[in-house]
Structure formats: C-alpha cells, structure tokens
file my_file_32.tsv (TSV, C-alpha atoms)
chain	number	residue	atom	x	y	z
A	30	MET	CA	0.00	0.00	0.00
A	31	SER	CA	1.40	3.41	-0.89
A	32	GLY	CA	2.26	5.73	1.95
A	33	HIS	CA	-0.59	8.06	1.09
A	34	SER	CA	-3.18	5.26	1.03
A	35	LYS	CA	-1.80	3.86	4.26
A	36	TRP	CA	-2.10	7.32	5.84
A	37	ALA	CA	-5.79	7.47	4.90
A	38	SER	CA	-6.38	3.98	6.29
A	39	ILE	CA	-4.58	4.63	9.57
A	40	LYS	CA	-6.35	7.97	9.97
A	41	HIS	CA	-9.72	6.25	9.64
A	42	LYS	CA	-8.87	3.62	12.27
A	43	LYS	CA	-7.47	6.28	14.59
A	44	ALA	CA	-10.64	8.34	14.19
A	45	ILE	CA	-12.76	5.43	15.41
A	46	VAL	CA	-10.59	5.18	18.52
A	47	ASP	CA	-10.73	8.94	19.02
A	48	SER	CA	-14.53	8.78	18.88
A	49	LYS	CA	-14.47	7.46	22.45
A	50	ARG	CA	-13.38	10.93	23.51
A	51	GLY	CA	-16.47	12.45	21.96
A	52	LYS	CA	-14.74	14.96	19.67
A	53	LEU	CA	-15.34	12.90	16.54
A	54	PHE	CA	-19.04	12.56	17.38
A	55	THR	CA	-19.32	16.33	17.67
A	56	LYS	CA	-17.77	16.82	14.22
A	57	LEU	CA	-19.88	14.09	12.63
A	58	ALA	CA	-23.07	15.50	14.14
A	59	ARG	CA	-22.29	18.94	12.74
A	60	ALA	CA	-21.71	17.44	9.30
A	61	VAL	CA	-25.10	15.69	9.49
A	62	THR	CA	-26.74	18.94	10.62
A	63	VAL	CA	-25.26	20.95	7.74
A	64	ALA	CA	-26.22	18.29	5.18
A	65	ALA	CA	-29.81	18.28	6.50
A	66	LYS	CA	-29.87	22.08	6.53
A	67	GLU	CA	-28.68	22.34	2.92
A	68	GLY	CA	-30.64	19.46	1.35
A	69	GLY	CA	-33.46	18.52	3.71
A	70	GLY	CA	-33.90	15.76	6.27
A	71	ASP	CA	-34.94	12.94	3.90
A	72	ILE	CA	-31.97	10.56	3.71
A	73	ASP	CA	-33.27	8.89	0.55
A	74	GLY	CA	-33.67	12.23	-1.21
A	75	ASN	CA	-30.50	13.90	0.07
A	76	PRO	CA	-27.30	12.08	-1.02
A	77	SER	CA	-25.08	14.36	1.07
A	78	LEU	CA	-27.10	13.57	4.17
A	79	ALA	CA	-27.02	9.85	3.38
A	80	LEU	CA	-23.21	9.95	3.22
A	81	ALA	CA	-22.92	11.98	6.43
A	82	VAL	CA	-25.24	9.59	8.27
A	83	GLN	CA	-23.36	6.54	6.99
A	84	LYS	CA	-20.07	8.03	8.16
A	85	ALA	CA	-21.60	8.61	11.58
A	86	ARG	CA	-22.87	5.03	11.69
A	87	ASP	CA	-19.43	3.73	10.69
A	88	ALA	CA	-18.05	5.48	13.77
A	89	SER	CA	-20.77	3.85	15.93
A	90	MET	CA	-22.55	7.09	16.69
A	91	PRO	CA	-25.81	6.32	18.55
A	92	LYS	CA	-28.98	6.50	16.47
A	93	ASP	CA	-30.49	9.12	18.80
A	94	ASN	CA	-27.51	11.43	18.22
A	95	ILE	CA	-27.91	11.13	14.46
A	96	GLU	CA	-31.64	11.82	14.62
A	97	ARG	CA	-31.08	14.89	16.81
A	98	ALA	CA	-28.49	16.20	14.37
A	99	ILE	CA	-30.93	15.80	11.46
A	100	ALA	CA	-33.70	17.49	13.42
A	101	LYS	CA	-31.38	20.35	14.28
A	102	GLY	CA	-30.54	20.82	10.62
A	103	THR	CA	-34.16	20.96	9.53
A	104	GLY	CA	-35.17	23.27	12.39
A	105	ALA	CA	-35.06	27.03	12.55
A	106	GLY	CA	-32.58	27.49	15.38
A	107	ALA	CA	-30.27	30.49	15.10
A	108	ASP	CA	-27.20	28.39	15.86
A	109	THR	CA	-28.01	26.06	12.98
A	110	ALA	CA	-28.61	28.94	10.58
A	111	ALA	CA	-25.12	30.23	11.35
A	112	LEU	CA	-23.37	26.96	10.42
A	113	GLU	CA	-21.62	26.90	7.06
A	114	THR	CA	-19.04	24.80	5.28
A	115	MET	CA	-15.66	26.29	4.41
A	116	LEU	CA	-12.78	25.03	2.27
A	117	TYR	CA	-9.31	26.42	2.96
A	118	GLU	CA	-6.38	25.86	0.61
A	119	GLY	CA	-2.75	26.06	1.55
A	120	TYR	CA	0.72	24.58	1.61
A	121	GLY	CA	2.55	22.63	4.27
A	122	PRO	CA	6.21	21.62	4.72
A	123	GLY	CA	7.84	20.39	1.52
A	124	GLY	CA	5.39	22.35	-0.63
A	125	VAL	CA	2.68	19.75	-0.02
A	126	ALA	CA	-0.79	20.92	-1.03
A	127	LEU	CA	-3.47	20.93	1.67
A	128	LEU	CA	-7.25	21.13	1.43
A	129	ILE	CA	-8.88	21.82	4.78
A	130	GLU	CA	-12.63	21.25	5.18
A	131	ALA	CA	-14.40	23.00	8.02
A	132	VAL	CA	-17.88	23.46	9.45
A	133	THR	CA	-18.14	26.69	11.38
A	134	ASP	CA	-20.47	29.27	12.87
A	135	ASN	CA	-17.70	31.88	12.84
A	136	ARG	CA	-15.57	31.98	9.68
A	137	ASN	CA	-13.27	34.67	11.11
A	138	ARG	CA	-12.35	32.49	14.08
A	139	THR	CA	-11.85	29.39	11.95
A	140	GLY	CA	-9.83	31.22	9.31
A	141	ALA	CA	-7.56	32.66	11.98
A	142	ASP	CA	-7.05	29.22	13.56
A	143	VAL	CA	-6.16	27.63	10.23
A	144	ARG	CA	-3.79	30.45	9.30
A	145	HIS	CA	-2.07	30.23	12.69
A	146	ALA	CA	-1.53	26.45	12.44
A	147	LEU	CA	-0.10	26.76	8.94
A	148	SER	CA	2.20	29.66	9.82
A	149	LYS	CA	3.51	27.87	12.92
A	150	ALA	CA	4.50	24.91	10.71
A	151	ASN	CA	6.18	27.16	8.11
A	152	GLY	CA	3.24	26.62	5.78
A	153	ALA	CA	0.98	29.19	4.21
A	154	LEU	CA	-2.69	29.81	3.51
A	155	GLY	CA	-3.36	30.11	-0.22
A	156	GLU	CA	-5.95	31.88	-2.32
A	157	PRO	CA	-9.12	30.03	-3.41
A	158	GLY	CA	-8.21	27.77	-6.31
A	159	SER	CA	-4.50	27.75	-5.53
A	160	VAL	CA	-4.33	24.02	-4.75
A	161	ALA	CA	-7.83	22.63	-5.33
A	162	TYR	CA	-6.93	21.74	-8.92
A	163	ASN	CA	-4.56	19.11	-7.48
A	164	PHE	CA	-7.50	17.09	-6.14
A	165	ASP	CA	-10.59	15.29	-7.42
A	166	LYS	CA	-13.59	14.81	-5.15
A	167	LYS	CA	-14.27	11.07	-5.29
A	168	GLY	CA	-15.88	8.27	-3.35
A	169	VAL	CA	-13.26	5.75	-2.19
A	170	ILE	CA	-14.02	2.30	-0.79
A	171	VAL	CA	-11.15	0.27	0.65
A	172	VAL	CA	-11.22	-3.54	0.89
A	173	ASP	CA	-8.60	-6.13	1.85
A	174	GLY	CA	-6.28	-6.89	-1.05
A	175	GLU	CA	-5.28	-10.32	0.26
A	176	ARG	CA	-8.81	-11.50	0.99
A	177	TYR	CA	-10.42	-10.51	-2.31
A	178	SER	CA	-9.48	-10.73	-5.98
A	179	GLU	CA	-10.35	-8.17	-8.63
A	180	ASP	CA	-13.01	-10.54	-9.98
A	181	ASP	CA	-14.70	-10.51	-6.57
A	182	LEU	CA	-15.07	-6.74	-6.86
A	183	LEU	CA	-16.55	-6.52	-10.36
A	184	VAL	CA	-19.99	-6.06	-8.77
A	185	ALA	CA	-18.75	-2.56	-7.92
A	186	ILE	CA	-18.22	-1.75	-11.61
A	187	ASP	CA	-21.70	-3.07	-12.40
A	188	ALA	CA	-23.06	-0.74	-9.69
A	189	GLY	CA	-21.37	2.33	-11.18
A	190	ALA	CA	-17.79	2.39	-9.85
A	191	GLU	CA	-15.25	4.13	-12.10
A	192	ASP	CA	-12.18	2.06	-11.33
A	193	ILE	CA	-10.61	-0.57	-9.07
A	194	VAL	CA	-7.02	0.27	-8.07
A	195	ARG	CA	-4.50	-2.10	-6.50
A	196	GLU	CA	-2.40	-0.55	-3.74
A	197	ASP	CA	0.85	-2.52	-3.52
A	198	GLY	CA	-0.88	-5.81	-2.81
A	199	GLU	CA	-2.29	-4.77	0.55
A	200	ALA	CA	-5.60	-3.21	-0.44
A	201	TRP	CA	-8.00	-2.43	-3.24
A	202	GLU	CA	-9.37	1.07	-3.68
A	203	ILE	CA	-12.69	1.27	-5.50
A	204	ILE	CA	-13.16	4.74	-6.99
A	205	THR	CA	-16.61	6.24	-7.59
A	206	GLU	CA	-18.28	9.54	-8.25
A	207	PRO	CA	-19.46	10.91	-4.87
A	208	SER	CA	-23.11	10.43	-5.87
A	209	ASP	CA	-22.49	6.74	-6.66
A	210	LEU	CA	-20.70	5.82	-3.42
A	211	THR	CA	-23.82	4.68	-1.55
A	212	ALA	CA	-25.03	2.43	-4.39
A	213	VAL	CA	-21.58	0.88	-4.93
A	214	ARG	CA	-21.15	0.26	-1.22
A	215	ALA	CA	-24.57	-1.40	-1.07
A	216	ALA	CA	-23.66	-3.68	-4.01
A	217	LEU	CA	-20.44	-4.77	-2.29
A	218	GLU	CA	-22.22	-5.42	0.98
A	219	ALA	CA	-24.89	-7.44	-0.85
A	220	ALA	CA	-22.04	-9.53	-2.30
A	221	GLU	CA	-20.74	-10.02	1.28
A	222	ILE	CA	-17.56	-8.04	0.64
A	223	ALA	CA	-16.16	-6.67	3.92
A	224	ILE	CA	-15.48	-2.95	3.67
A	225	GLU	CA	-12.57	-1.44	5.60
A	226	ASN	CA	-13.38	2.18	4.85
A	227	ALA	CA	-15.78	4.12	2.61
A	228	GLU	CA	-15.95	7.88	2.29
A	229	VAL	CA	-16.07	10.85	-0.02
A	230	THR	CA	-12.62	12.37	-0.05
A	231	GLN	CA	-10.40	14.73	-1.98
A	232	ARG	CA	-8.18	12.35	-3.95
A	233	PRO	CA	-4.81	13.79	-5.05
A	234	LYS	CA	-4.09	13.73	-8.77
A	235	VAL	CA	-0.30	13.83	-8.24
A	236	LEU	CA	1.59	12.86	-5.08
A	237	VAL	CA	4.62	14.79	-3.78
A	238	PRO	CA	7.34	12.49	-2.36
A	239	VAL	CA	8.67	13.62	1.03
A	240	ASP	CA	11.37	12.34	3.36
A	241	GLU	CA	10.85	11.19	6.94
A	242	GLU	CA	11.65	14.54	8.51
A	243	THR	CA	9.19	16.39	6.28
A	244	ALA	CA	6.54	13.71	6.80
A	245	ALA	CA	6.88	14.10	10.57
A	246	LYS	CA	6.33	17.86	10.26
A	247	LEU	CA	3.30	17.31	8.02
A	248	LEU	CA	1.70	14.85	10.41
A	249	ARG	CA	2.16	17.27	13.31
A	250	LEU	CA	0.55	20.04	11.25
A	251	ILE	CA	-2.38	17.83	10.22
A	252	ASP	CA	-2.91	16.77	13.84
A	253	ALA	CA	-2.88	20.43	14.92
A	254	LEU	CA	-5.44	21.35	12.27
A	255	GLU	CA	-7.71	18.42	13.04
A	256	ASP	CA	-7.57	19.25	16.74
A	257	TYR	CA	-9.66	22.36	16.03
A	258	ASP	CA	-13.34	21.67	16.63
A	259	ASP	CA	-14.31	23.40	13.39
A	260	VAL	CA	-11.99	21.40	11.12
A	261	ASP	CA	-13.77	18.41	9.64
A	262	ALA	CA	-11.04	16.89	7.42
A	263	VAL	CA	-7.58	17.60	6.05
A	264	HIS	CA	-6.49	16.29	2.65
A	265	ALA	CA	-2.86	16.31	1.51
A	266	ASN	CA	-0.99	15.16	-1.57
A	267	PHE	CA	2.19	13.87	0.07
A	268	ASP	CA	3.66	10.39	-0.22
A	269	VAL	CA	6.27	8.70	1.94
A	270	ASP	CA	7.46	5.14	2.38
A	271	SER	CA	4.65	3.21	4.08
A	272	GLU	CA	6.96	1.72	6.73
A	273	VAL	CA	8.23	5.18	7.64
A	274	LEU	CA	4.68	6.49	7.84
A	275	GLU	CA	3.50	3.66	10.06
A	276	ARG	CA	6.42	4.23	12.40
A	277	LEU	CA	5.71	7.96	12.60
A	278	MET	CA	1.99	7.50	13.24
A	279	SER	CA	2.49	4.80	15.87
A	280	ALA	CA	4.82	7.18	17.71
A	281	SER	CA	2.32	10.04	17.67
call {"tool": "encode", "arguments": {"input": "my_file_32.tsv", "output": "structure tokens"}}
result
Amino acid sequence: MSGHSKWASIKHKKAIVDSKRGKLFTKLARAVTVAAKEGGGDIDGNPSLALAVQKARDASMPKDNIERAIAKGTGAGADTAALETMLYEGYGPGGVALLIEAVTDNRNRTGADVRHALSKANGALGEPGSVAYNFDKKGVIVVDGERYSEDDLLVAIDAGAEDIVREDGEAWEIITEPSDLTAVRAALEAAEIAIENAEVTQRPKVLVPVDEETAAKLLRLIDALEDYDDVDAVHANFDVDSEVLERLMSAS
C-alpha cells in the first residue's frame, strides 16, 4: 500500500478510537446537521445527508444522536442557521498541497485558527483555487487486497464504480463519483464483501514524495489542524514510504 493510502487507512482507524473521547461525534453531528440544513432531512432524497449519516454510523454514533443532528438541521434554530461549510487551501512543509474542510459558525475564528496552524508549521494559507486543482472529489471504498481478488469486486463496476485500483498488494481502492458511493457500497455489501473504509474524499491527482523529517512535520501540522473543533477533514498530496509512515503515526 502506498504511503498516502496507508495514511488514509490509519487515519480512519485512529478516528474510530478517538470517537471514544467524543470529539469525533461532535464533528460528525455537525456534518449531518449541515447536510440536512442544505438538502433537507430525507436521507433517501438527500445524497449528502445519506453519506454523512453513513459516516456517523461507521463510527458507531448512537442513532439518537444522528436523529437529533438531522432534526437540528431541519429546524429554525439560530445556531443552525449560522453553520456553514468552508474550504481552505494552503501549503505545508515540503510544498505539499493541503485542502482543509471545516464546518463553522464563525468563519473569522476558523480562518484565523487555520492560518495560525499553517504559519507555525512554516506553511501558508493560499488563495481560493490555488491548490484545489490538485484534487478530485471522489468516493473511495477500501477492501482487503489479500482477501479478495479483482473478480470478486466486479460487482462494484456493475453498480457504477469508475475504477478498481491495487495498492501494492495490501488493499483495493474502489473509486466512484461521490453520488455513486452509496449504491456501490450497497452492491459490495450485498455480495458479502467486507469494507474497511468508505468515504467521499479529496483524492490527489499527483503525489509529492517527502522524506521522513518532512513527513513528521506534516503529520504534526495535520494533527494540529484536526484538533480544532471546526476542522472536519484535512487532505494532503504527500507520499512517503509506508513503513516510515506507520512508524511515525504509531509514535504520535
């Protein structure tokens, strides 16, 4: 598995562990609320809400929490009306491109927090459009590369997946359009394919190789950004040897 793919996989597993501290649940609930606010509370008729709810379920968020978040999004509360999604673009150590997704009720506060974290790490906040072209918004489903063959996964193509990519023998990545992720996931589950991770993410078009020292600085920056309550996700286009990455993340 490439270093970048391994980073995404480890991040997902770490997020499930972090959910015990409650912070992840808070972020997931806000994402559900915003999706319901923007597209309505009907999961079947609101693909963005369906994805947000599935992500919450994957993290074992209680059903009552999810329902409250949906109700909050479809209500008329002032705090809900103030919530909005933001996308910040910037650069980290080694010239690595960063896309930072946030949900906030105060864009000035969140913008200042993001700028501070980047500056402290010798990075910089960029103008809109400065790095977004380096990424494609895609659905990505990860399954075990040793347990399943490509033939086992052809049901995903039949359900609308764009591609099935092998990651160094350790995993398969099934790539979809964001709107097709739910249907492709359902087809795989119906075929009794165990899913390790499924999400809509910003997939880098080109990866920037970095050494261990730079990777360590990047991981510290990403952790600092994700520690802010308003920051929902950080996407980066760096790549590093997978063994180096695993060692760095296990030490963090």
call {"tool": "residues_near_point", "arguments": {"input": "my_file_32.tsv", "point": "(-21.9, 1.0, -15.8)", "cutoff": "12 Å", "atoms": "all atoms listed in the file", "output": "PyMOL selection string"}}
result
chain A and resi 183-192+205-206+209+212-213
call {"tool": "closest_residue", "arguments": {"input": "my_file_32.tsv", "among": "A:Pro207, A:Pro91, A:Pro238, A:Pro122", "to": "A:Leu250", "atoms": "only C-alpha atoms"}}
result
A:Pro122
call {"tool": "atom_distance", "arguments": {"input": "my_file_32.tsv", "atom1": "atom CA of A:Glu225", "atom2": "atom CA of A:Asp173"}}
result
7.2 Å
call {"tool": "closest_residue", "arguments": {"input": "my_file_32.tsv", "among": "A:Val63, A:Met115, A:Ile193, A:Ile95", "to": "A:Leu128", "atoms": "all atoms listed in the file"}}
result
A:Met115
call {"tool": "build_atoms", "arguments": {"input": "my_file_32.tsv", "residues": "stretch 150-165 of chain A", "atoms": "N, CA and C atoms", "output": "PDB file, keeping the file's coordinate frame"}}
result
ATOM      1  N   ALA A 150       3.799  26.045  11.319  1.00  0.00           N
ATOM      2  CA  ALA A 150       4.500  24.910  10.710  1.00  0.00           C
ATOM      3  C   ALA A 150       5.279  25.322   9.464  1.00  0.00           C
ATOM      4  N   ASN A 151       5.493  26.633   9.294  1.00  0.00           N
ATOM      5  CA  ASN A 151       6.180  27.160   8.110  1.00  0.00           C
ATOM      6  C   ASN A 151       5.418  26.849   6.823  1.00  0.00           C
ATOM      7  N   GLY A 152       4.095  26.754   6.945  1.00  0.00           N
ATOM      8  CA  GLY A 152       3.240  26.620   5.780  1.00  0.00           C
ATOM      9  C   GLY A 152       2.604  27.951   5.462  1.00  0.00           C
ATOM     10  N   ALA A 153       1.621  27.937   4.583  1.00  0.00           N
ATOM     11  CA  ALA A 153       0.980  29.190   4.210  1.00  0.00           C
ATOM     12  C   ALA A 153      -0.438  28.927   3.719  1.00  0.00           C
ATOM     13  N   LEU A 154      -1.321  29.866   4.013  1.00  0.00           N
ATOM     14  CA  LEU A 154      -2.690  29.810   3.510  1.00  0.00           C
ATOM     15  C   LEU A 154      -2.699  30.371   2.095  1.00  0.00           C
ATOM     16  N   GLY A 155      -3.336  29.672   1.164  1.00  0.00           N
ATOM     17  CA  GLY A 155      -3.360  30.110  -0.220  1.00  0.00           C
ATOM     18  C   GLY A 155      -4.679  30.752  -0.600  1.00  0.00           C
ATOM     19  N   GLU A 156      -4.723  31.299  -1.785  1.00  0.00           N
ATOM     20  CA  GLU A 156      -5.950  31.880  -2.320  1.00  0.00           C
ATOM     21  C   GLU A 156      -6.879  30.767  -2.799  1.00  0.00           C
ATOM     22  N   PRO A 157      -8.193  31.033  -2.869  1.00  0.00           N
ATOM     23  CA  PRO A 157      -9.120  30.030  -3.410  1.00  0.00           C
ATOM     24  C   PRO A 157      -8.695  29.598  -4.816  1.00  0.00           C
ATOM     25  N   GLY A 158      -8.617  28.303  -5.024  1.00  0.00           N
ATOM     26  CA  GLY A 158      -8.210  27.770  -6.310  1.00  0.00           C
ATOM     27  C   GLY A 158      -6.724  27.497  -6.444  1.00  0.00           C
ATOM     28  N   SER A 159      -5.961  27.875  -5.426  1.00  0.00           N
ATOM     29  CA  SER A 159      -4.500  27.750  -5.530  1.00  0.00           C
ATOM     30  C   SER A 159      -4.022  26.309  -5.496  1.00  0.00           C
ATOM     31  N   VAL A 160      -4.740  25.429  -4.795  1.00  0.00           N
ATOM     32  CA  VAL A 160      -4.330  24.020  -4.750  1.00  0.00           C
ATOM     33  C   VAL A 160      -5.465  23.047  -5.079  1.00  0.00           C
ATOM     34  N   ALA A 161      -6.689  23.533  -5.129  1.00  0.00           N
ATOM     35  CA  ALA A 161      -7.830  22.630  -5.330  1.00  0.00           C
ATOM     36  C   ALA A 161      -7.725  21.848  -6.630  1.00  0.00           C
ATOM     37  N   TYR A 162      -7.057  22.427  -7.626  1.00  0.00           N
ATOM     38  CA  TYR A 162      -6.930  21.740  -8.920  1.00  0.00           C
ATOM     39  C   TYR A 162      -6.093  20.465  -8.799  1.00  0.00           C
ATOM     40  N   ASN A 163      -5.366  20.308  -7.687  1.00  0.00           N
ATOM     41  CA  ASN A 163      -4.560  19.110  -7.480  1.00  0.00           C
ATOM     42  C   ASN A 163      -5.378  17.911  -6.992  1.00  0.00           C
ATOM     43  N   PHE A 164      -6.671  18.124  -6.733  1.00  0.00           N
ATOM     44  CA  PHE A 164      -7.500  17.090  -6.140  1.00  0.00           C
ATOM     45  C   PHE A 164      -8.777  16.868  -6.941  1.00  0.00           C
ATOM     46  N   ASP A 165      -9.275  15.638  -6.887  1.00  0.00           N
ATOM     47  CA  ASP A 165     -10.590  15.290  -7.420  1.00  0.00           C
ATOM     48  C   ASP A 165     -11.454  14.788  -6.267  1.00  0.00           C
TER      49      ASP A 165
END
